[in-house]
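Note sheet for the following structure.
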Amino acid sequence: MAEPLFTPEEQKKFDAGIAEILSHYPSDRKSAGMLPALRLLQDLKGWLPPEGLRLVAKNLEVTPERAYEVASFYVMYHLKKPGKYVIDVCTNLSCSLWGAEKMLAYLEQKLGMTAGETNDKFTLRETECLASCGTAPCLQINEDHHESLTQAKLDAILARLS
């Protein structure tokens, strides 16, 4: 028999969270709660497992395919289990002009992986823009923003993750 998606505690949080989300929308527009419902699932599980997407779809009265379409459109949602630390490196124009590609190459060398790869500890991703053009280069680790980066700052940040 397959392991249940949620622990009893997680199930309570999911049920209460879905009820709260749906309370903000008309009953004939449950699908409008898709983004917060996906966020709820990811906050509980760390990613969006297929059985969780099916459950979100059922609660919002949409097809599982629709839940997957929405989840796969946004980079903030993880369709595969990420590492403990998700590192998003901005390589858009402003960050590039301030050395983002060198910073990414340094991270790849330091972590022993290339952008787009995941291991148990890290998911390293190249991203388009983190809205920090005046303090480039920047990155986010689990949505925690870091700006005006140098190799020394990167080393200090990575040391804190060990």
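Just so we're on the same page: first chain in the structure tokens is A, next is B, and so on; residues restart at 1 for each chain, and ligands are numbered from 1 in the order they show up.
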Neighbour list for His24 in chain A as a list in words, cut-off 12 Å, only C-alpha atoms, skip fewer than 6 positions in-chain: Gly17, Ile18, Lys30, Ser31, Ala32, Gly33, Met34, Pro36 and Ala37 of chain A
Surrounding residues of Leu107 in chain A excluding itself and chain neighbours under 2 positions, 12 Å, only C-alpha atoms, as a PyMOL selection string: chain A and resi 87-89+100-105+109-115+122-126+139+149-155+157-158
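Between CA of Leu53 in chain A and CA of Ala131 in chain A the interatomic distance comes to 29.2 Å.
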| query | Which residues, written as a VMD selection string, have at least one atom at most 7 Å from Cys133 in chain A, with only C-alpha atoms counted and residues fewer than 2 positions away on the same chain left out? | reply | chain A and resid 94 to 95 131 135 to 136
For a quick check of understanding, using only C-alpha atoms, which of A:Tyr77, A:Trp98, A:Tyr68, A:Tyr106 has the smallest distance to Ser132 in chain A?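 Selected residue with least distance to Ser132 in chain A: A:Trp98.
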In Å and to one decimal, CA of Glu61 in chain A is distant from CA of Leu22 in chain A by 11.2 Å
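CA of Leu48 in chain A to CA of Pro4 in chain A spans 14.3 Å [interatomic distance, one decimal].
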Can you pull out every residue from chain A that DSSP, working from the backbone, puts in alpha helix (DSSP H), and format the result as a ChimeraX atom specification? /A:8-22,34-45,50-60,64-73,93-97,100-111,151-161
Residue subset to file, keeping C-alpha atoms, as a tab-separated table (two decimals), in the first residue's frame:
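As a result, result_3.tsv now contains:
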chain	number	residue	atom	x	y	z
A	8	PRO	CA	-2.23	13.57	10.15
A	9	GLU	CA	-0.91	17.00	11.19
A	10	GLU	CA	-0.21	18.01	7.58
A	11	GLN	CA	-3.66	16.80	6.55
A	12	LYS	CA	-5.27	19.06	9.16
A	13	LYS	CA	-3.20	22.03	7.94
A	14	PHE	CA	-4.03	21.27	4.31
A	15	ASP	CA	-7.77	20.93	4.97
A	16	ALA	CA	-7.87	24.12	7.06
A	17	GLY	CA	-5.73	25.97	4.52
A	18	ILE	CA	-7.91	24.94	1.57
A	19	ALA	CA	-11.03	25.96	3.49
A	20	GLU	CA	-9.48	29.35	4.24
A	21	ILE	CA	-8.40	29.85	0.61
A	22	LEU	CA	-11.81	28.87	-0.77
A	34	MET	CA	-5.09	27.82	-7.59
A	35	LEU	CA	-1.92	29.79	-6.77
A	36	PRO	CA	-2.45	29.92	-2.99
A	37	ALA	CA	-3.53	26.27	-2.96
A	38	LEU	CA	-0.36	25.22	-4.77
A	39	ARG	CA	1.67	27.35	-2.36
A	40	LEU	CA	-0.04	25.65	0.58
A	41	LEU	CA	0.84	22.21	-0.79
A	42	GLN	CA	4.45	23.22	-1.42
A	43	ASP	CA	4.78	24.76	2.04
A	44	LEU	CA	3.64	21.47	3.56
A	45	LYS	CA	5.61	19.04	1.36
A	50	PRO	CA	1.68	14.42	-8.40
A	51	GLU	CA	-0.80	13.07	-5.85
A	52	GLY	CA	-0.82	16.51	-4.19
A	53	LEU	CA	-1.57	18.20	-7.51
A	54	ARG	CA	-4.48	15.80	-7.98
A	55	LEU	CA	-5.78	16.67	-4.51
A	56	VAL	CA	-5.53	20.42	-5.17
A	57	ALA	CA	-7.35	19.91	-8.48
A	58	LYS	CA	-10.12	17.94	-6.78
A	59	ASN	CA	-10.61	20.62	-4.11
A	60	LEU	CA	-10.70	23.41	-6.70
A	64	PRO	CA	-5.34	17.51	-12.61
A	65	GLU	CA	-3.95	18.65	-15.96
A	66	ARG	CA	-5.02	22.22	-15.22
A	67	ALA	CA	-3.27	22.15	-11.84
A	68	TYR	CA	-0.13	20.84	-13.56
A	69	GLU	CA	-0.34	23.51	-16.28
A	70	VAL	CA	-0.43	26.28	-13.70
A	71	ALA	CA	2.28	24.74	-11.52
A	72	SER	CA	4.60	24.17	-14.47
A	73	PHE	CA	4.23	27.77	-15.68
A	93	LEU	CA	21.10	42.16	-17.88
A	94	SER	CA	21.97	44.20	-14.78
A	95	CYS	CA	23.28	41.19	-12.90
A	96	SER	CA	25.21	40.03	-15.97
A	97	LEU	CA	26.89	43.41	-16.27
A	100	ALA	CA	26.48	37.13	-12.59
A	101	GLU	CA	27.88	34.54	-15.01
A	102	LYS	CA	31.18	34.45	-13.12
A	103	MET	CA	29.26	34.16	-9.86
A	104	LEU	CA	27.21	31.28	-11.27
A	105	ALA	CA	30.35	29.54	-12.56
A	106	TYR	CA	31.94	29.97	-9.12
A	107	LEU	CA	28.86	28.43	-7.46
A	108	GLU	CA	28.85	25.55	-9.94
A	109	GLN	CA	32.51	24.85	-9.17
A	110	LYS	CA	32.06	25.25	-5.42
A	111	LEU	CA	28.93	23.04	-5.27
A	151	GLN	CA	33.05	35.68	-3.94
A	152	ALA	CA	33.77	36.44	-0.29
A	153	LYS	CA	30.07	37.06	0.40
A	154	LEU	CA	29.16	33.84	-1.43
A	155	ASP	CA	31.69	31.90	0.64
A	156	ALA	CA	30.23	33.33	3.86
A	157	ILE	CA	26.68	32.50	2.77
A	158	LEU	CA	27.62	28.93	1.81
A	159	ALA	CA	29.51	28.46	5.08
A	160	ARG	CA	26.30	29.29	6.99
A	161	LEU	CA	24.47	26.56	5.04
Query raised in the report: Running DSSP on the backbone, which parts of chain A land in strand (DSSP E or B), as a ChimeraX atom specification?
Result: /A:85-90,118,122-127,139-141,144-146
Selection export as a PDB file, in the first residue's frame, atoms kept: N, CA, C and O atoms:
ATOM      1  N   TYR A  85      18.365  23.411  -0.034  1.00  0.00           N
ATOM      2  CA  TYR A  85      18.542  24.828  -0.355  1.00  0.00           C
ATOM      3  C   TYR A  85      18.361  25.035  -1.853  1.00  0.00           C
ATOM      4  O   TYR A  85      19.098  24.461  -2.654  1.00  0.00           O
ATOM      5  N   VAL A  86      17.381  25.851  -2.207  1.00  0.00           N
ATOM      6  CA  VAL A  86      17.146  26.198  -3.608  1.00  0.00           C
ATOM      7  C   VAL A  86      17.824  27.536  -3.859  1.00  0.00           C
ATOM      8  O   VAL A  86      17.455  28.553  -3.266  1.00  0.00           O
ATOM      9  N   ILE A  87      18.838  27.520  -4.718  1.00  0.00           N
ATOM     10  CA  ILE A  87      19.612  28.719  -5.017  1.00  0.00           C
ATOM     11  C   ILE A  87      19.234  29.194  -6.412  1.00  0.00           C
ATOM     12  O   ILE A  87      19.469  28.499  -7.400  1.00  0.00           O
ATOM     13  N   ASP A  88      18.621  30.379  -6.471  1.00  0.00           N
ATOM     14  CA  ASP A  88      18.247  31.004  -7.735  1.00  0.00           C
ATOM     15  C   ASP A  88      19.199  32.155  -8.002  1.00  0.00           C
ATOM     16  O   ASP A  88      19.235  33.121  -7.242  1.00  0.00           O
ATOM     17  N   VAL A  89      19.963  32.048  -9.087  1.00  0.00           N
ATOM     18  CA  VAL A  89      20.952  33.063  -9.450  1.00  0.00           C
ATOM     19  C   VAL A  89      20.404  33.887 -10.608  1.00  0.00           C
ATOM     20  O   VAL A  89      20.102  33.347 -11.673  1.00  0.00           O
ATOM     21  N   CYS A  90      20.290  35.192 -10.404  1.00  0.00           N
ATOM     22  CA  CYS A  90      19.827  36.083 -11.467  1.00  0.00           C
ATOM     23  C   CYS A  90      20.951  36.297 -12.469  1.00  0.00           C
ATOM     24  O   CYS A  90      22.070  36.645 -12.092  1.00  0.00           O
ATOM     25  N   THR A 118      20.113  19.121  -9.251  1.00  0.00           N
ATOM     26  CA  THR A 118      19.669  19.006  -7.858  1.00  0.00           C
ATOM     27  C   THR A 118      20.360  17.818  -7.214  1.00  0.00           C
ATOM     28  O   THR A 118      20.536  16.774  -7.840  1.00  0.00           O
ATOM     29  N   PHE A 122      21.358  20.761  -2.442  1.00  0.00           N
ATOM     30  CA  PHE A 122      21.195  21.979  -3.242  1.00  0.00           C
ATOM     31  C   PHE A 122      20.408  21.736  -4.529  1.00  0.00           C
ATOM     32  O   PHE A 122      20.528  20.692  -5.154  1.00  0.00           O
ATOM     33  N   THR A 123      19.655  22.747  -4.892  1.00  0.00           N
ATOM     34  CA  THR A 123      19.110  22.892  -6.239  1.00  0.00           C
ATOM     35  C   THR A 123      19.655  24.220  -6.726  1.00  0.00           C
ATOM     36  O   THR A 123      19.447  25.257  -6.084  1.00  0.00           O
ATOM     37  N   LEU A 124      20.389  24.189  -7.823  1.00  0.00           N
ATOM     38  CA  LEU A 124      20.999  25.396  -8.377  1.00  0.00           C
ATOM     39  C   LEU A 124      20.290  25.749  -9.667  1.00  0.00           C
ATOM     40  O   LEU A 124      20.216  24.927 -10.582  1.00  0.00           O
ATOM     41  N   ARG A 125      19.736  26.964  -9.722  1.00  0.00           N
ATOM     42  CA  ARG A 125      18.987  27.382 -10.904  1.00  0.00           C
ATOM     43  C   ARG A 125      19.431  28.770 -11.356  1.00  0.00           C
ATOM     44  O   ARG A 125      19.731  29.628 -10.531  1.00  0.00           O
ATOM     45  N   GLU A 126      19.428  28.952 -12.649  1.00  0.00           N
ATOM     46  CA  GLU A 126      19.636  30.265 -13.250  1.00  0.00           C
ATOM     47  C   GLU A 126      18.250  30.849 -13.467  1.00  0.00           C
ATOM     48  O   GLU A 126      17.358  30.180 -13.976  1.00  0.00           O
ATOM     49  N   THR A 127      18.060  32.099 -13.057  1.00  0.00           N
ATOM     50  CA  THR A 127      16.742  32.701 -13.200  1.00  0.00           C
ATOM     51  C   THR A 127      16.849  34.045 -13.902  1.00  0.00           C
ATOM     52  O   THR A 127      17.917  34.640 -13.966  1.00  0.00           O
ATOM     53  N   LEU A 139      21.180  36.840  -5.729  1.00  0.00           N
ATOM     54  CA  LEU A 139      20.597  35.507  -5.779  1.00  0.00           C
ATOM     55  C   LEU A 139      19.632  35.360  -4.617  1.00  0.00           C
ATOM     56  O   LEU A 139      19.591  36.199  -3.717  1.00  0.00           O
ATOM     57  N   GLN A 140      18.845  34.300  -4.670  1.00  0.00           N
ATOM     58  CA  GLN A 140      17.967  33.942  -3.562  1.00  0.00           C
ATOM     59  C   GLN A 140      18.262  32.512  -3.151  1.00  0.00           C
ATOM     60  O   GLN A 140      18.536  31.664  -4.003  1.00  0.00           O
ATOM     61  N   ILE A 141      18.211  32.281  -1.853  1.00  0.00           N
ATOM     62  CA  ILE A 141      18.312  30.928  -1.321  1.00  0.00           C
ATOM     63  C   ILE A 141      17.053  30.689  -0.506  1.00  0.00           C
ATOM     64  O   ILE A 141      16.820  31.377   0.497  1.00  0.00           O
ATOM     65  N   ASP A 144      15.210  33.728   0.318  1.00  0.00           N
ATOM     66  CA  ASP A 144      15.933  34.718   1.113  1.00  0.00           C
ATOM     67  C   ASP A 144      16.882  35.440   0.156  1.00  0.00           C
ATOM     68  O   ASP A 144      17.754  34.825  -0.449  1.00  0.00           O
ATOM     69  N   HIS A 145      16.719  36.745   0.038  1.00  0.00           N
ATOM     70  CA  HIS A 145      17.406  37.542  -0.972  1.00  0.00           C
ATOM     71  C   HIS A 145      18.796  37.982  -0.505  1.00  0.00           C
ATOM     72  O   HIS A 145      18.957  38.431   0.626  1.00  0.00           O
ATOM     73  N   HIS A 146      19.793  37.875  -1.405  1.00  0.00           N
ATOM     74  CA  HIS A 146      21.165  38.305  -1.131  1.00  0.00           C
ATOM     75  C   HIS A 146      21.621  39.197  -2.282  1.00  0.00           C
ATOM     76  O   HIS A 146      21.511  38.810  -3.450  1.00  0.00           O
TER      77      HIS A 146
END
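Nearest residue to Glu147 in chain A, choosing from A:Gly134, A:Glu128, A:Val62, A:Val75 and counting only C-alpha atoms: A:Gly134.
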Restricting to only C-alpha atoms, whichever of A:Thr7, A:Pro82, A:Tyr74, A:Ser27 is closest to Gly116 in chain A is A:Pro82
**Asked** Neighbours of Trp47 in chain A within 7 Å (only C-alpha atoms; same-chain residues fewer than 6 positions away dropped), as a list in words?
**Response** Tyr77, His78, Leu79, Lys80 and Lys81 of chain A
